[in-house]
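For reference, input_29.txt is printed below; it contains compact mmCIF, C-alpha atoms.
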```txt
# COMPACT_ATOMS: atom_id res chain seq x y z
CA MET A 151 -1.96 31.65 -48.00
CA LYS A 152 0.66 31.78 -45.30
CA ILE A 153 -0.47 35.29 -44.39
CA ARG A 154 -4.08 34.13 -44.11
CA LEU A 155 -3.07 31.26 -41.88
CA LEU A 156 -1.01 33.43 -39.58
CA PRO A 157 -3.90 35.00 -37.58
CA ALA A 158 -5.46 31.57 -37.14
CA ALA A 159 -2.17 30.18 -35.98
CA ILE A 160 -1.76 33.03 -33.48
CA ILE A 161 -5.28 32.43 -32.16
CA LEU A 162 -4.54 28.74 -31.77
CA LEU A 163 -1.36 29.55 -29.87
CA VAL A 164 -2.89 32.19 -27.63
CA LEU A 165 -6.27 30.54 -26.92
CA PRO A 166 -4.95 27.90 -24.49
CA LEU A 167 -3.09 30.61 -22.57
CA VAL A 168 -6.24 32.75 -22.30
CA LEU A 169 -8.29 29.74 -21.26
CA ARG A 170 -5.67 28.76 -18.71
CA ALA A 171 -5.76 32.25 -17.24
CA THR A 172 -9.53 32.26 -16.85
CA VAL A 173 -9.61 28.76 -15.37
CA ASP A 174 -6.90 29.86 -12.95
CA ASP A 175 -9.12 32.80 -12.02
CA ALA A 176 -12.03 30.40 -11.55
CA LEU A 177 -9.80 28.36 -9.27
CA SER A 178 -9.25 31.39 -7.07
CA PHE A 179 -13.02 31.68 -6.63
CA ALA A 180 -13.34 27.95 -5.90
CA TYR A 181 -10.81 28.41 -3.08
CA GLU A 182 -12.83 31.42 -1.89
CA ALA A 183 -15.85 29.17 -1.53
CA ALA A 184 -13.66 26.72 0.42
CA THR A 185 -12.39 29.26 2.94
CA PRO A 186 -15.00 28.65 5.69
CA TYR A 187 -14.31 24.92 5.57
CA VAL A 188 -10.55 25.39 5.84
CA LYS A 189 -11.33 27.18 9.11
CA GLN A 190 -13.39 24.15 10.17
CA GLY A 191 -10.35 21.90 9.71
CA TYR A 192 -10.91 20.58 6.21
CA THR A 193 -7.69 20.00 4.26
CA PHE A 194 -8.14 21.20 0.70
CA ARG A 195 -6.18 19.51 -2.04
CA GLU A 196 -3.87 21.45 -4.31
CA ASP A 197 -5.08 19.28 -7.19
CA ALA A 198 -8.31 20.39 -8.83
CA TRP A 199 -10.60 20.01 -11.79
CA GLY A 200 -11.48 22.75 -14.25
CA GLY A 201 -12.52 23.75 -17.73
CA ASP A 202 -15.26 25.74 -19.42
CA LEU A 203 -18.89 24.97 -20.21
CA GLY A 204 -21.74 26.45 -22.21
CA VAL A 205 -25.06 27.29 -20.52
CA GLY A 206 -26.94 24.06 -19.80
CA ASP A 207 -23.86 21.90 -20.33
CA GLN A 208 -22.78 19.46 -17.65
CA LYS A 209 -19.46 17.91 -16.77
CA ALA A 210 -19.00 14.85 -14.56
CA VAL A 211 -15.79 14.77 -12.57
CA THR A 212 -14.63 11.53 -11.03
CA ALA A 213 -13.57 11.32 -7.39
CA GLN A 214 -12.33 8.50 -5.19
CA LEU A 215 -13.88 9.02 -1.76
CA PHE A 216 -13.28 7.08 1.46
CA ARG A 217 -15.98 6.22 3.99
CA GLY A 218 -15.06 7.81 7.31
CA ASN A 219 -14.00 11.14 5.80
CA GLY A 220 -16.26 14.11 5.18
CA TYR A 221 -15.71 16.00 1.92
CA TRP A 222 -16.61 19.50 0.80
CA PHE A 223 -16.61 20.09 -2.96
CA CYS A 224 -16.42 23.81 -3.76
CA LEU A 225 -17.09 25.25 -7.21
CA GLY A 226 -16.29 28.72 -8.50
CA THR A 227 -16.12 30.84 -11.62
CA ASP A 228 -14.72 34.28 -12.42
CA ALA A 229 -17.81 35.08 -14.53
CA ASP A 230 -19.62 37.43 -12.14
CA ASP A 231 -23.09 36.99 -13.63
CA ALA A 232 -22.93 33.21 -13.88
CA THR A 233 -24.86 30.69 -11.84
CA LEU A 234 -23.23 27.30 -11.40
CA THR A 235 -24.28 24.19 -9.52
CA VAL A 236 -22.54 21.08 -8.30
CA HIS A 237 -24.11 17.86 -7.04
CA VAL A 238 -22.43 14.58 -6.10
CA TYR A 239 -23.67 11.09 -7.02
CA ASP A 240 -22.40 7.62 -6.15
CA SER A 241 -21.31 5.09 -8.76
CA LYS A 242 -24.92 3.94 -9.20
CA GLY A 243 -26.13 7.46 -9.95
CA LYS A 244 -27.77 8.03 -6.56
CA LEU A 245 -27.53 11.50 -5.01
CA ALA A 246 -24.90 11.24 -2.29
CA GLU A 247 -24.67 14.70 -0.73
CA SER A 248 -25.82 15.63 2.75
CA GLN A 249 -25.70 19.44 2.37
CA ASN A 250 -25.47 21.84 -0.52
CA TRP A 251 -25.63 25.54 -1.21
CA GLN A 252 -25.47 27.77 -4.24
CA LYS A 253 -24.84 31.51 -4.41
CA GLY A 254 -24.19 32.96 -7.85
CA ARG A 255 -20.69 32.14 -8.96
CA PHE A 256 -20.15 29.86 -5.94
CA ALA A 257 -21.62 26.46 -5.10
CA ALA A 258 -20.64 23.68 -2.70
CA VAL A 259 -21.74 20.27 -1.47
CA LEU A 260 -20.89 18.19 1.59
CA VAL A 261 -20.53 14.45 1.13
CA ASN A 262 -20.21 11.90 3.93
CA PRO A 263 -19.69 8.77 1.85
CA LYS A 264 -21.72 5.73 2.89
CA GLN A 265 -19.22 3.54 1.06
CA THR A 266 -15.65 3.84 -0.13
CA GLY A 267 -15.54 4.05 -3.90
CA THR A 268 -16.03 6.15 -7.01
CA TYR A 269 -18.27 9.23 -6.91
CA TYR A 270 -19.19 11.77 -9.57
CA ALA A 271 -19.53 15.50 -9.07
CA ILE A 272 -21.83 16.94 -11.74
CA VAL A 273 -20.96 20.53 -12.59
CA GLU A 274 -23.50 22.59 -14.54
CA VAL A 275 -23.66 26.17 -15.78
CA LYS A 276 -27.24 27.27 -15.21
CA LYS A 277 -26.90 30.87 -16.30
CA SER A 278 -24.19 33.02 -17.82
CA SER A 279 -23.78 35.84 -20.31
CA GLN A 280 -20.64 34.17 -21.64
CA GLU A 281 -20.69 31.61 -24.39
CA ARG A 282 -18.25 29.48 -22.44
CA THR A 283 -17.99 29.88 -18.68
CA PRO A 284 -14.73 28.88 -16.98
CA TRP A 285 -15.13 26.82 -13.82
CA ALA A 286 -12.94 25.13 -11.23
CA LEU A 287 -13.78 22.58 -8.56
CA VAL A 288 -11.70 21.85 -5.45
CA TYR A 289 -12.29 19.41 -2.65
CA GLY A 290 -11.26 19.13 0.95
CA TYR A 291 -11.48 16.30 3.45
CA ARG A 292 -11.65 15.99 7.23
CA MET B 1155 -0.86 23.66 -7.86
CA ARG B 1156 -2.02 21.59 -10.80
CA ILE B 1157 -5.36 21.88 -12.46
CA THR B 1158 -6.79 19.50 -15.00
CA ILE B 1159 -8.18 21.28 -18.04
CA PHE B 1160 -10.16 19.12 -20.46
CA GLY B 1161 -8.63 16.09 -18.81
CA ILE B 1162 -5.10 17.29 -19.56
CA ALA B 1163 -3.01 18.03 -16.51
CA SER B 1164 -1.39 21.26 -17.47
CA ALA B 1165 -1.61 24.59 -15.80
CA THR B 1166 0.18 25.97 -12.82
CA ALA B 1167 -2.25 28.20 -10.99
CA PRO B 1168 -1.33 31.07 -8.71
CA ARG B 1169 -2.90 30.86 -5.25
CA ALA B 1170 -5.63 33.43 -4.70
CA VAL B 1171 -4.62 36.32 -2.55
CA VAL B 1172 -8.18 37.12 -1.68
CA LEU B 1173 -8.86 34.34 0.79
CA THR B 1174 -9.18 36.57 3.82
CA ALA B 1175 -11.61 38.90 2.09
CA ALA B 1176 -13.48 35.87 0.84
CA ALA B 1177 -13.91 34.52 4.34
CA THR B 1178 -15.58 37.75 5.37
CA LEU B 1179 -17.69 37.85 2.26
CA LEU B 1180 -18.88 34.30 2.63
CA ALA B 1181 -19.46 34.63 6.35
CA THR B 1182 -21.86 37.46 5.70
CA THR B 1183 -23.54 35.85 2.74
CA ILE B 1184 -26.92 34.35 3.29
CA ARG B 1185 -26.53 30.98 1.78
CA VAL B 1186 -29.17 29.98 -0.64
CA ARG B 1187 -30.00 26.32 -0.72
CA ALA B 1188 -29.33 25.06 -4.21
CA GLU B 1189 -32.29 24.09 -6.30
CA SER B 1190 -33.13 20.48 -5.68
CA ALA B 1191 -31.07 18.01 -7.66
CA PRO B 1192 -32.54 14.78 -9.01
CA ASP B 1193 -32.20 11.90 -6.54
CA GLN B 1194 -31.06 9.59 -9.31
CA ILE B 1195 -29.25 10.17 -12.60
CA ASP B 1196 -28.16 7.91 -15.42
CA LEU B 1197 -24.38 8.15 -15.44
CA SER B 1198 -24.19 6.18 -18.68
CA LYS B 1199 -25.65 9.22 -20.47
CA PHE B 1200 -22.42 11.12 -19.90
CA PRO B 1201 -20.23 10.66 -22.98
CA ALA B 1202 -16.54 10.11 -22.31
CA ALA B 1203 -15.80 13.70 -23.37
CA ALA B 1204 -18.08 14.97 -20.60
CA VAL B 1205 -16.26 13.08 -17.85
CA GLN B 1206 -13.05 14.30 -16.26
CA ASP B 1207 -10.53 11.90 -14.83
CA VAL B 1208 -10.17 11.14 -11.19
CA VAL B 1209 -7.89 13.25 -9.02
CA VAL B 1210 -5.48 10.81 -7.40
CA PRO B 1211 -6.03 10.93 -3.62
CA VAL B 1212 -3.05 11.69 -1.41
CA PRO B 1213 -2.17 9.02 1.20
CA SER B 1214 -3.34 11.23 4.07
CA GLU B 1215 -6.95 10.96 2.83
CA VAL B 1216 -6.78 7.24 3.65
CA PHE B 1217 -4.59 7.68 6.74
CA ASN B 1218 -7.15 10.13 8.14
CA VAL B 1219 -9.77 7.36 8.15
CA LEU B 1220 -7.34 4.81 9.61
CA ASP B 1221 -6.68 7.22 12.48
CA LYS B 1222 -10.44 7.41 13.15
CA LEU B 1223 -10.71 3.61 13.18
CA GLY B 1224 -7.84 3.01 15.59
CA SER B 1225 -4.34 4.09 16.49
CA PRO B 1226 -1.96 2.67 13.91
CA ASN B 1227 1.71 2.47 14.80
CA TRP B 1228 2.83 4.96 12.17
CA LYS B 1229 6.45 4.93 13.30
CA GLY B 1230 6.51 1.20 12.69
CA GLU B 1231 5.39 1.76 9.11
CA LEU B 1232 8.30 4.04 8.19
CA ARG B 1233 10.95 2.55 5.90
CA GLU B 1234 14.56 2.60 7.04
CA SER B 1235 15.84 3.63 3.63
CA LEU B 1236 14.08 5.97 1.24
CA GLY B 1237 15.64 4.20 -1.75
CA LYS B 1238 18.31 4.89 -4.32
CA ASN B 1239 18.32 6.94 -7.49
CA SER B 1240 19.31 4.65 -10.38
CA GLY B 1241 19.57 7.46 -12.93
CA ASN B 1242 16.64 5.95 -14.86
CA ARG B 1243 14.10 8.81 -15.15
CA ALA B 1244 11.09 6.52 -14.84
CA GLN B 1245 12.54 5.00 -11.69
CA VAL B 1246 13.33 8.44 -10.26
CA ALA B 1247 9.75 9.61 -10.91
CA LEU B 1248 8.31 6.54 -9.19
CA LEU B 1249 10.81 6.91 -6.35
CA LEU B 1250 9.84 10.56 -5.93
CA GLY B 1251 6.22 9.46 -5.55
CA THR B 1252 7.14 6.90 -2.89
CA VAL B 1253 9.26 9.45 -1.02
CA ILE B 1254 6.42 12.00 -0.93
CA ALA B 1255 4.09 9.24 0.29
CA GLU B 1256 6.69 8.45 2.96
CA GLY B 1257 6.45 12.09 3.97
CA PHE B 1258 2.74 11.65 4.72
CA ILE B 1259 3.56 8.60 6.86
CA ALA B 1260 6.27 10.51 8.71
CA VAL B 1261 3.77 13.30 9.37
CA GLU B 1262 1.34 10.75 10.84
CA ALA B 1263 4.23 9.46 12.96
CA GLU B 1264 5.01 13.07 13.94
CA ASP B 1265 8.66 12.33 13.18
CA SER B 1266 10.06 15.77 12.43
CA GLU B 1267 13.59 14.57 11.60
CA ARG B 1268 12.21 12.11 9.08
CA VAL B 1269 9.94 14.72 7.50
CA LYS B 1270 12.92 17.07 7.17
CA GLU B 1271 15.01 14.34 5.57
CA ILE B 1272 12.17 13.68 3.13
CA GLY B 1273 11.85 17.40 2.31
CA ARG B 1274 15.52 17.42 1.31
CA ASP B 1275 15.21 14.15 -0.59
CA VAL B 1276 12.29 15.52 -2.62
CA LEU B 1277 14.57 18.34 -3.74
CA ASP B 1278 17.43 15.96 -4.67
CA LEU B 1279 15.18 13.67 -6.69
CA SER B 1280 13.47 16.63 -8.40
CA ARG B 1281 16.93 17.86 -9.41
CA ALA B 1282 17.63 14.45 -10.95
CA VAL B 1283 14.66 14.82 -13.31
CA GLY B 1284 15.11 18.51 -14.04
CA VAL B 1285 12.23 19.97 -12.02
CA GLU B 1286 14.21 21.22 -9.03
CA LYS B 1287 13.17 24.87 -9.44
CA ALA B 1288 9.51 23.95 -9.03
CA VAL B 1289 10.02 22.51 -5.56
CA VAL B 1290 12.77 24.59 -3.94
CA SER B 1291 10.33 26.63 -1.87
CA ARG B 1292 8.15 23.60 -1.11
CA SER B 1293 11.15 21.62 0.09
CA LYS B 1294 12.10 24.46 2.42
CA ALA B 1295 8.51 24.78 3.60
CA ILE B 1296 8.32 21.04 4.40
CA VAL B 1297 11.47 21.35 6.52
CA ASP B 1298 10.17 24.50 8.24
CA LYS B 1299 6.78 22.94 9.02
CA ALA B 1300 8.48 19.84 10.41
CA ASP B 1301 10.75 22.04 12.56
CA SER B 1302 7.74 23.82 14.01
CA ARG B 1303 5.78 20.53 14.27
CA ASP B 1304 3.00 22.05 12.18
CA TRP B 1305 1.69 18.72 10.90
CA ALA B 1306 -1.33 20.10 9.03
CA GLY B 1307 1.00 22.55 7.30
CA ALA B 1308 3.48 19.79 6.46
CA ARG B 1309 0.66 17.76 4.88
CA ARG B 1310 -0.33 20.76 2.74
CA GLU B 1311 3.26 21.31 1.63
CA LEU B 1312 3.72 17.64 0.73
CA ASP B 1313 0.55 17.77 -1.37
CA GLY B 1314 1.81 21.02 -2.90
CA ALA B 1315 5.21 19.46 -3.66
CA LEU B 1316 3.46 16.60 -5.41
CA GLN B 1317 1.42 18.97 -7.58
CA ASP B 1318 4.38 21.26 -8.28
CA VAL B 1319 6.58 18.37 -9.39
CA ARG B 1320 3.85 17.02 -11.62
CA GLY B 1321 3.02 20.46 -12.97
CA ALA B 1322 6.68 21.10 -13.84
CA MET B 1323 6.92 17.72 -15.54
CA ASN B 1324 3.79 18.45 -17.56
CA GLU B 1325 5.22 21.78 -18.63
CA LEU B 1326 8.30 19.91 -19.87
CA ASN B 1327 5.95 17.57 -21.79
CA ASP B 1328 6.89 14.77 -19.41
CA GLU B 1329 3.28 13.80 -18.64
CA ASP B 1330 4.30 10.16 -18.45
CA LEU B 1331 6.78 10.91 -15.68
CA ALA B 1332 4.13 12.95 -13.85
CA GLN B 1333 1.84 9.94 -13.89
CA LEU B 1334 4.63 7.75 -12.55
CA VAL B 1335 5.05 10.13 -9.60
CA SER B 1336 1.35 9.65 -8.78
CA LEU B 1337 1.61 5.90 -9.21
CA GLY B 1338 4.68 5.68 -6.99
CA GLY B 1339 2.82 7.51 -4.25
CA TRP B 1340 -0.24 5.31 -4.63
CA VAL B 1341 1.82 2.09 -4.49
CA ARG B 1342 3.62 3.12 -1.30
CA GLY B 1343 0.39 4.41 0.27
CA THR B 1344 -1.36 1.14 -0.53
CA GLU B 1345 1.51 -0.89 0.87
CA VAL B 1346 1.14 0.92 4.19
CA LEU B 1347 -2.68 0.74 4.15
CA THR B 1348 -2.56 -3.04 3.67
CA SER B 1349 0.15 -3.39 6.31
CA ILE B 1350 -2.11 -1.68 8.87
CA VAL B 1351 -5.21 -3.62 7.83
CA GLN B 1352 -3.26 -6.89 8.04
CA LYS B 1353 -2.32 -6.16 11.65
CA ASP B 1354 -5.94 -5.61 12.72
CA TYR B 1355 -8.37 -6.68 10.04
CA LYS B 1356 -11.72 -4.92 10.04
CA PRO B 1357 -14.01 -4.87 6.99
CA GLN B 1358 -14.32 -1.07 7.16
CA ARG B 1359 -10.54 -0.74 7.01
CA ALA B 1360 -10.28 -3.20 4.13
CA GLU B 1361 -13.02 -1.28 2.31
CA LEU B 1362 -10.54 1.59 1.88
CA LEU B 1363 -8.96 -0.53 -0.85
CA HIS B 1364 -12.12 -0.34 -2.96
CA GLN B 1365 -10.76 2.04 -5.62
CA PRO B 1366 -11.96 0.60 -8.95
CA GLU B 1367 -12.00 3.75 -11.11
CA LEU B 1368 -8.64 4.87 -9.78
CA LEU B 1369 -7.09 1.57 -10.87
CA ASN B 1370 -8.75 1.89 -14.28
CA TYR B 1371 -7.38 5.42 -14.54
CA PHE B 1372 -3.83 4.26 -13.78
CA ASP B 1373 -4.23 1.45 -16.28
CA ARG B 1374 -5.36 3.86 -19.02
CA ARG B 1375 -2.43 6.14 -18.26
CA LEU B 1376 0.09 3.28 -18.45
CA ASP B 1377 -1.46 2.16 -21.75
CA GLY B 1378 -1.10 5.69 -23.11
CA MET B 1379 2.59 5.97 -22.29
CA SER B 1380 5.28 6.09 -24.96
CA PRO B 1381 6.17 2.72 -26.50
CA ARG B 1382 9.66 3.03 -25.02
CA LEU B 1383 8.30 3.41 -21.49
CA ARG B 1384 5.65 0.73 -21.97
CA LYS B 1385 8.39 -1.71 -22.85
CA SER B 1386 10.44 -0.82 -19.78
CA GLY B 1387 10.53 -3.36 -17.00
CA LEU B 1388 9.14 -0.97 -14.40
CA VAL B 1389 6.02 -0.03 -16.35
CA ALA B 1390 5.42 -3.65 -17.32
CA GLN B 1391 5.62 -4.60 -13.63
CA LEU B 1392 3.19 -1.83 -12.71
CA LYS B 1393 0.72 -3.16 -15.28
CA THR B 1394 1.04 -6.68 -13.91
CA MET B 1395 0.56 -5.38 -10.38
CA LEU B 1396 -2.63 -3.48 -11.30
CA ASP B 1397 -3.99 -6.51 -13.16
CA GLU B 1398 -3.46 -8.62 -10.07
CA ILE B 1399 -4.98 -6.11 -7.65
CA ARG B 1400 -8.07 -5.18 -9.71
CA PRO B 1401 -10.17 -8.33 -9.04
CA LEU B 1402 -9.22 -8.26 -5.35
CA ILE B 1403 -10.68 -4.83 -4.60
CA ILE B 1404 -14.22 -5.40 -5.87
CA GLU B 1405 -16.89 -4.80 -3.24
CA GLY B 1406 -20.66 -4.62 -3.15
CA GLU B 1407 -23.70 -6.89 -3.09
CA GLY B 1408 -22.51 -8.57 0.08
CA ARG B 1409 -18.96 -9.01 -1.12
CA LYS B 1410 -16.21 -7.68 1.14
CA ILE B 1411 -12.47 -7.43 0.61
CA SER B 1412 -11.13 -10.47 2.43
CA PRO B 1413 -8.06 -10.72 4.70
CA GLN B 1414 -6.50 -12.98 2.03
CA SER B 1415 -6.99 -10.26 -0.60
CA VAL B 1416 -5.44 -7.70 1.74
CA ASP B 1417 -2.43 -10.01 2.24
CA ARG B 1418 -2.00 -10.47 -1.51
CA ILE B 1419 -2.28 -6.74 -2.25
CA HIS B 1420 0.31 -6.10 0.44
CA THR B 1421 2.67 -8.64 -1.09
CA VAL B 1422 2.47 -7.24 -4.62
CA THR B 1423 2.71 -3.59 -3.55
CA SER B 1424 5.67 -4.38 -1.25
CA GLN B 1425 7.44 -6.12 -4.13
CA MET B 1426 6.78 -3.11 -6.35
CA VAL B 1427 8.12 -0.68 -3.74
CA LEU B 1428 11.24 -2.82 -3.37
CA THR B 1429 11.77 -2.74 -7.12
CA ILE B 1430 11.24 1.02 -7.30
CA THR B 1431 13.57 1.78 -4.41
CA SER B 1432 16.45 -0.45 -5.48
CA SER B 1433 19.27 1.14 -7.44
CA ASP B 1434 19.18 -1.50 -10.17
CA ALA B 1435 15.54 -0.78 -11.10
```

Written as structure tokens, how would this file's structure read?
Amino acid sequence: MKIRLLPAAIILLVLPLVLRATVDDALSFAYEAATPYVKQGYTFREDAWGGDLGVGDQKAVTAQLFRGNGYWFCLGTDADDATLTVHVYDSKGKLAESQNWQKGRFAAVLVNPKQTGTYYAIVEVKKSSQERTPWALVYGYR
Amino acid sequence: MRITIFGIASATAPRAVVLTAAATLLATTIRVRAESAPDQIDLSKFPAAAVQDVVVPVPSEVFNVLDKLGSPNWKGELRESLGKNSGNRAQVALLLGTVIAEGFIAVEAEDSERVKEIGRDVLDLSRAVGVEKAVVSRSKAIVDKADSRDWAGARRELDGALQDVRGAMNELNDEDLAQLVSLGGWVRGTEVLTSIVQKDYKPQRAELLHQPELLNYFDRRLDGMSPRLRKSGLVAQLKTMLDEIRPLIIEGEGRKISPQSVDRIHTVTSQMVLTITSSDA
């Protein structure tokens, strides 16, 4: 019994490490997407959101935004055939972005908040050959 | 650098080394406008498991707006003393948060000596809670950026120090302490925000206090702390403070945050900072 449980136990121990590695890779791509905005003077946070999603799944990430700042949210994945999107909504569910673009594993939106408060970035995996696609989302302000 | 995976602050991520190549790649990429998103969604359809917690803003996100709305006297907002380490780990974590927040104020004030002092203090306090290794290079970088008066760089390093400290605490299974670092920073940042708004009240400045989900997040985190910590005087005081602030920061439907509310929030956050920074906390 113990022998049968051992492989499962190893998988359980190793899985978070593998997931962490791929999300860390996704984070690298999210920062790639942010690079042009760093050059425009946006300060990107070291804190970030991340995880993995199946095709068609969505995740809402919560952000506190301040009127007067502009924010770029940049999304990335290390899955090279994946298509991801991100869109930002205010606390009443109204689309709040003023620009967006999507290019394969990268996507980004610009938000100039009309009010200070809670906003939600909706991350979605549109297409991917992987069962679970790692993603990471970073934001910068100016 | 901390990243939140499944709502659990955990991993320490290496910085990508491909940024330069990426800049070139993206500069030459024809951007494709994303397919149109619905103008309205029903946020209540997102189950709790499909929502990730808020990333706690750093003080400079608020200070950046205050700078656009006027010219605050940042030097006048600096504290004379950064506070004393009582040896109580919860107090040290909160104090560390207030000291990093002080670093952001010192950067706004362009006070290089103060920023350098804070860089060293961050290292001392991190040593006191066993996460010194995580911030050695950050501490040095803060001092170096202050020496070269690279204020944008100093801001980045302070943010990085915050994430590194919290990441190291999470790796030591000290998630509660990591949350207290964030809370300490938020309390000190809010004390300064209210101080500036008090001096020249404008509704748009007061609106910066409208942070309902952030307060709920802190509240949930305090509720989830170990029974020992929840019973401690500091955490109990933080709960009381949040309970008092929450009804004062509601905005919308014609309601604005009043000067009286700003005064009250300043009073309770100042009292909390005093408690955190005193050696008998």

Interface list for chain A, partner chain B, 6 Å threshold, all atoms listed in the file, as a PyMOL selection string: chain A and resi 174+178+182+185+196-201+209-213+218+243-245+251-253+266-267

Next, write the just-selected residues to a file, as an mmCIF file, keeping the file's coordinate frame, keeping C-alpha atoms as the atom set.
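Result went into result_28.cif, see below:
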```
data_model
loop_
_atom_site.group_PDB
_atom_site.id
_atom_site.type_symbol
_atom_site.label_atom_id
_atom_site.label_comp_id
_atom_site.auth_asym_id
_atom_site.auth_seq_id
_atom_site.Cartn_x
_atom_site.Cartn_y
_atom_site.Cartn_z
ATOM 1 C CA ASP A 174 -6.900 29.860 -12.950
ATOM 2 C CA SER A 178 -9.250 31.390 -7.070
ATOM 3 C CA GLU A 182 -12.830 31.420 -1.890
ATOM 4 C CA THR A 185 -12.390 29.260 2.940
ATOM 5 C CA GLU A 196 -3.870 21.450 -4.310
ATOM 6 C CA ASP A 197 -5.080 19.280 -7.190
ATOM 7 C CA ALA A 198 -8.310 20.390 -8.830
ATOM 8 C CA TRP A 199 -10.600 20.010 -11.790
ATOM 9 C CA GLY A 200 -11.480 22.750 -14.250
ATOM 10 C CA GLY A 201 -12.520 23.750 -17.730
ATOM 11 C CA LYS A 209 -19.460 17.910 -16.770
ATOM 12 C CA ALA A 210 -19.000 14.850 -14.560
ATOM 13 C CA VAL A 211 -15.790 14.770 -12.570
ATOM 14 C CA THR A 212 -14.630 11.530 -11.030
ATOM 15 C CA ALA A 213 -13.570 11.320 -7.390
ATOM 16 C CA GLY A 218 -15.060 7.810 7.310
ATOM 17 C CA GLY A 243 -26.130 7.460 -9.950
ATOM 18 C CA LYS A 244 -27.770 8.030 -6.560
ATOM 19 C CA LEU A 245 -27.530 11.500 -5.010
ATOM 20 C CA TRP A 251 -25.630 25.540 -1.210
ATOM 21 C CA GLN A 252 -25.470 27.770 -4.240
ATOM 22 C CA LYS A 253 -24.840 31.510 -4.410
ATOM 23 C CA THR A 266 -15.650 3.840 -0.130
ATOM 24 C CA GLY A 267 -15.540 4.050 -3.900
#
```

Residues within 6 Å of (8.1, 9.8, -10.3), file coords, only C-alpha atoms, listed as a VMD selection string: chain B and resid 1246 to 1251 1331 1334 to 1335

List the spatial neighbours of A:Ala184 as a ChimeraX atom specification - criterion: any atom at most 10 Å away, only C-alpha atoms, same-chain residues fewer than 5 positions off excluded. /A:178-179,189,192-194,222-226,256-258,287-290 /B:1173,1176-1177,1180

When you count only C-alpha atoms, which of these residues is closest to A:Asn262: A:Arg282, A:Lys242, A:Arg217, A:His237?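 Among the listed residues, the smallest separation from A:Asn262 belongs to A:Arg217.
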
Just want the 12 Å neighbourhood of A:Thr283, counted on all atoms listed in the file, with same-chain residues fewer than 4 positions away dropped. Output as a ChimeraX atom specification. /A:169,172-173,175-176,200-208,226-234,255,273-279

For B:Val1269, which residue among B:Val1389, B:Val1253, B:Val1341, B:Met1426 is the nearest when counting only C-alpha atoms?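 Counting only C-alpha atoms, the residue closest to B:Val1269 is B:Val1253.
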
Shell around B:Gly1273 at 10 Å using only C-alpha atoms, local window under 5 positions removed, as a VMD selection string: chain B and resid 1253 to 1254 1257 1267 to 1268 1278 1289 to 1290 1292 to 1298 1300 1308 1311 to 1312 1315

Could you tell me how far atom CA of B:Glu1234 lies from atom CA of B:Leu1388, in Å and to one decimal?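 These atoms are spaced 22.4 Å apart.
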
For atom CA of A:Tyr239 and atom CA of A:Val261, quote the distance in Å rounded to one decimal.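 Separation between atom CA of A:Tyr239 and atom CA of A:Val261: 9.4 Å.
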
Kindly add N, CA and C atoms to the incomplete stretch 275-285 of chain A and provide the output as a PDB file, in the coordinates of the input.
```
ATOM      1  N   VAL A 275     -23.478  24.716 -15.680  1.00  0.00           N
ATOM      2  CA  VAL A 275     -23.660  26.170 -15.780  1.00  0.00           C
ATOM      3  C   VAL A 275     -25.136  26.417 -16.052  1.00  0.00           C
ATOM      4  N   LYS A 276     -25.809  27.014 -15.088  1.00  0.00           N
ATOM      5  CA  LYS A 276     -27.240  27.270 -15.210  1.00  0.00           C
ATOM      6  C   LYS A 276     -27.515  28.560 -15.982  1.00  0.00           C
ATOM      7  N   LYS A 277     -26.660  29.550 -15.722  1.00  0.00           N
ATOM      8  CA  LYS A 277     -26.900  30.870 -16.300  1.00  0.00           C
ATOM      9  C   LYS A 277     -25.572  31.582 -16.488  1.00  0.00           C
ATOM     10  N   SER A 278     -25.414  32.255 -17.596  1.00  0.00           N
ATOM     11  CA  SER A 278     -24.190  33.020 -17.820  1.00  0.00           C
ATOM     12  C   SER A 278     -24.348  33.858 -19.081  1.00  0.00           C
ATOM     13  N   SER A 279     -23.728  35.025 -19.095  1.00  0.00           N
ATOM     14  CA  SER A 279     -23.780  35.840 -20.310  1.00  0.00           C
ATOM     15  C   SER A 279     -22.676  35.408 -21.281  1.00  0.00           C
ATOM     16  N   GLN A 280     -21.760  34.586 -20.788  1.00  0.00           N
ATOM     17  CA  GLN A 280     -20.640  34.170 -21.640  1.00  0.00           C
ATOM     18  C   GLN A 280     -20.999  32.895 -22.408  1.00  0.00           C
ATOM     19  N   GLU A 281     -20.445  32.813 -23.595  1.00  0.00           N
ATOM     20  CA  GLU A 281     -20.690  31.610 -24.390  1.00  0.00           C
ATOM     21  C   GLU A 281     -20.105  30.386 -23.697  1.00  0.00           C
ATOM     22  N   ARG A 282     -18.901  30.557 -23.187  1.00  0.00           N
ATOM     23  CA  ARG A 282     -18.250  29.480 -22.440  1.00  0.00           C
ATOM     24  C   ARG A 282     -17.859  30.048 -21.075  1.00  0.00           C
ATOM     25  N   THR A 283     -18.264  29.383 -20.038  1.00  0.00           N
ATOM     26  CA  THR A 283     -17.990  29.880 -18.680  1.00  0.00           C
ATOM     27  C   THR A 283     -16.910  29.033 -18.026  1.00  0.00           C
ATOM     28  N   PRO A 284     -15.780  29.643 -17.656  1.00  0.00           N
ATOM     29  CA  PRO A 284     -14.730  28.880 -16.980  1.00  0.00           C
ATOM     30  C   PRO A 284     -15.187  28.462 -15.580  1.00  0.00           C
ATOM     31  N   TRP A 285     -14.770  27.297 -15.152  1.00  0.00           N
ATOM     32  CA  TRP A 285     -15.130  26.820 -13.820  1.00  0.00           C
ATOM     33  C   TRP A 285     -13.949  26.056 -13.228  1.00  0.00           C
TER      34      TRP A 285
END
```
